[in-house]
Every structure is written in C-alpha cells, then in structure tokens.
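K.L.:
This structure is in structure tokens; I'll ask about it shortly.
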Amino acid sequence: MAKEKRLVGILMGSASDAETMDEAVKILKENKISYDINVLSAHRNPDEVSSYAKSAKKRGLKVLICGAGMSAALAGVVSANTELPVIGVPMESGPLKGMDALLSTVQMPGGVPVACMSIGKSGAKNAAIFAIRILKLSE
C-alpha cells in the first residue's frame, strides 16, 4: 500500500501545546485531510525548524499550521524558510494569556507573511478550516 501523501504540516513549539493543536487535528480528520504533526521550537530547535520548512513542499505539504506561545517565533521562522502558506496559532500561555504570542504572530516583517488566527483552541480550529479552504483553491 502506498504511503498517504500529507497535505498539512502542523508544528507546535512545545508538547504542552498539543491539547490546543488537537482542535486542528480534529477538523482535519473530520474532513479526511492528511497531516503530519511535530514538536519543534524556533528557539530550542532552530536548525530542525528551518530544515522542516525548507523540505515541506518537496514532501508534498501544501499548508503549514504553527502553534506557539510567548514570543511565538515559530510561524515567522517557518515562513522565512518556505513559499507555502503559513498559519499562526498563538497559544494561550504565560502571564499575558497569549497576547504576547498574538502580537508576535501578527507583527511579521514585510516579506514574511503569516496568517494569524485567534488565541488558543478556537484559533487552532480556525487554522484547520482556513487550511482546508486554501487546499480547495487547487481543486
């Protein structure tokens, strides 16, 4: 049996983000959209994040969803290393309850586009729905 081609890549900065990012996984599963999921931190694993993003298109991925909290650099680092659409999900964490992650995600410099969803679980759910809509553009 041929290996199923993954269409959406889900990255999270920490394993503690899994409960939130499971909302995206649920939506993708309900819509029978294949995905891969990895824990990679822009700060703790910068080389691995860069490698993942650079190879994503070649591996068949079409959209990348990145969930991160606090400084939330993950989506920006991924976007800087790929031409694929990147969707950022700010995690509800830290003393600012995700506001820092939200601002970090939306304040990308010119040339580093990241679509930013809302903070937390609703943002993860919307990221999956948005990824599906992007995928439908090529149908």
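Residue names in the structure tokens use chain letters A, B, ... in the order shown, residue numbers from 1 in each chain, and ligand numbers from 1 in the order shown.
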Residues near Ile27 in chain A, anyone? I mean within 12 Å using only C-alpha atoms, not counting same-chain ones fewer than 4 positions away, as an MDAnalysis selection string.
P.N.:
chainID A and resid 8 21:23 31:35 121:132
K.L.:
Mind checking which residues fall within 9 Å of range 57-61 of chain A, counting only C-alpha atoms, ignoring those fewer than 5 positions away in the same chain, and posting them as a list in words?
P.N.:
Lys5, Arg6, Leu7, Val8, Gly9, Tyr35, Asp36, Thr82, Glu83 and Leu84 of chain A
K.L.:
From the set A:Val49, A:Ile37, A:Glu19, A:Gly13, which residue has the shortest atom-to-atom contact distance to Gly88 in chain A, counting only C-alpha atoms?
P.N.:
A:Gly13
K.L.:
Range 10-131 of chain A: which residues are strand (DSSP E) by DSSP, as a list in words?
P.N.:
Ile10, Leu11, Met12, Tyr35, Asp36, Ile37, Asn38, Val39, Val63, Leu64, Ile65, Cys66, Gly67, Ala68, Val86, Ile87, Gly88, Val89, Pro90, Ala115 and Cys116 of chain A
K.L.:
Please compute the CA of Asp17 in chain A-CA of Val63 in chain A distance, one decimal, in Å.
P.N.:
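Straight-line distance from CA of Asp17 in chain A to CA of Val63 in chain A works out to 19.1 Å.
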K.L.:
Compare A:Ser71, A:Ala24, A:Ser51, A:Asn38 by their minimum atom-to-atom distance to Met12 in chain A, counting only C-alpha atoms, and give me the closest one.
P.N.:
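Of all the options, A:Asn38 lies closest to Met12 in chain A.
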K.L.:
May I have the residues within 7 Å of Val89 in chain A as a list in words, using only C-alpha atoms and disregarding those fewer than 2 positions away in the same chain?
P.N.:
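Those residues are Cys66, Gly67, Ala68, Ile87, Met91, Cys116, Met117, Ser118, Ile119, Gly120, Gly123 and Ala124 of chain A.
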K.L.:
Please write the residues from the selection above to a file, keeping N, CA and C atoms, as a PDB file, in the first residue's frame.
P.N.:
```
ATOM      1  N   CYS A  66       1.272  26.579  12.481  1.00  0.00           N
ATOM      2  CA  CYS A  66       2.272  26.677  13.547  1.00  0.00           C
ATOM      3  C   CYS A  66       1.643  27.244  14.811  1.00  0.00           C
ATOM      4  N   GLY A  67       1.685  26.487  15.873  1.00  0.00           N
ATOM      5  CA  GLY A  67       1.178  26.951  17.158  1.00  0.00           C
ATOM      6  C   GLY A  67       2.322  27.191  18.123  1.00  0.00           C
ATOM      7  N   ALA A  68       2.365  28.383  18.697  1.00  0.00           N
ATOM      8  CA  ALA A  68       3.430  28.695  19.651  1.00  0.00           C
ATOM      9  C   ALA A  68       2.962  29.775  20.620  1.00  0.00           C
ATOM     10  N   ILE A  87       0.091  29.427   8.643  1.00  0.00           N
ATOM     11  CA  ILE A  87      -0.978  29.919   9.511  1.00  0.00           C
ATOM     12  C   ILE A  87      -0.477  29.841  10.951  1.00  0.00           C
ATOM     13  N   MET A  91      -0.674  30.600  21.245  1.00  0.00           N
ATOM     14  CA  MET A  91      -1.093  29.788  22.384  1.00  0.00           C
ATOM     15  C   MET A  91      -1.494  30.671  23.558  1.00  0.00           C
ATOM     16  N   CYS A 116      -2.708  34.945  10.757  1.00  0.00           N
ATOM     17  CA  CYS A 116      -2.808  34.787  12.207  1.00  0.00           C
ATOM     18  C   CYS A 116      -4.248  34.515  12.621  1.00  0.00           C
ATOM     19  N   MET A 117      -4.439  33.460  13.361  1.00  0.00           N
ATOM     20  CA  MET A 117      -5.744  33.117  13.903  1.00  0.00           C
ATOM     21  C   MET A 117      -5.847  33.661  15.331  1.00  0.00           C
ATOM     22  N   SER A 118      -6.977  33.433  15.957  1.00  0.00           N
ATOM     23  CA  SER A 118      -7.180  33.903  17.322  1.00  0.00           C
ATOM     24  C   SER A 118      -6.399  33.039  18.313  1.00  0.00           C
ATOM     25  N   ILE A 119      -6.327  33.491  19.531  1.00  0.00           N
ATOM     26  CA  ILE A 119      -5.578  32.808  20.581  1.00  0.00           C
ATOM     27  C   ILE A 119      -6.281  31.521  20.998  1.00  0.00           C
ATOM     28  N   GLY A 120      -5.506  30.459  21.144  1.00  0.00           N
ATOM     29  CA  GLY A 120      -5.983  29.233  21.751  1.00  0.00           C
ATOM     30  C   GLY A 120      -6.741  28.279  20.853  1.00  0.00           C
ATOM     31  N   GLY A 123      -8.582  29.371  17.755  1.00  0.00           N
ATOM     32  CA  GLY A 123      -7.616  29.695  16.717  1.00  0.00           C
ATOM     33  C   GLY A 123      -7.105  28.447  16.006  1.00  0.00           C
ATOM     34  N   ALA A 124      -6.857  27.382  16.763  1.00  0.00           N
ATOM     35  CA  ALA A 124      -6.404  26.123  16.162  1.00  0.00           C
ATOM     36  C   ALA A 124      -7.489  25.542  15.264  1.00  0.00           C
TER      37      ALA A 124
END
```
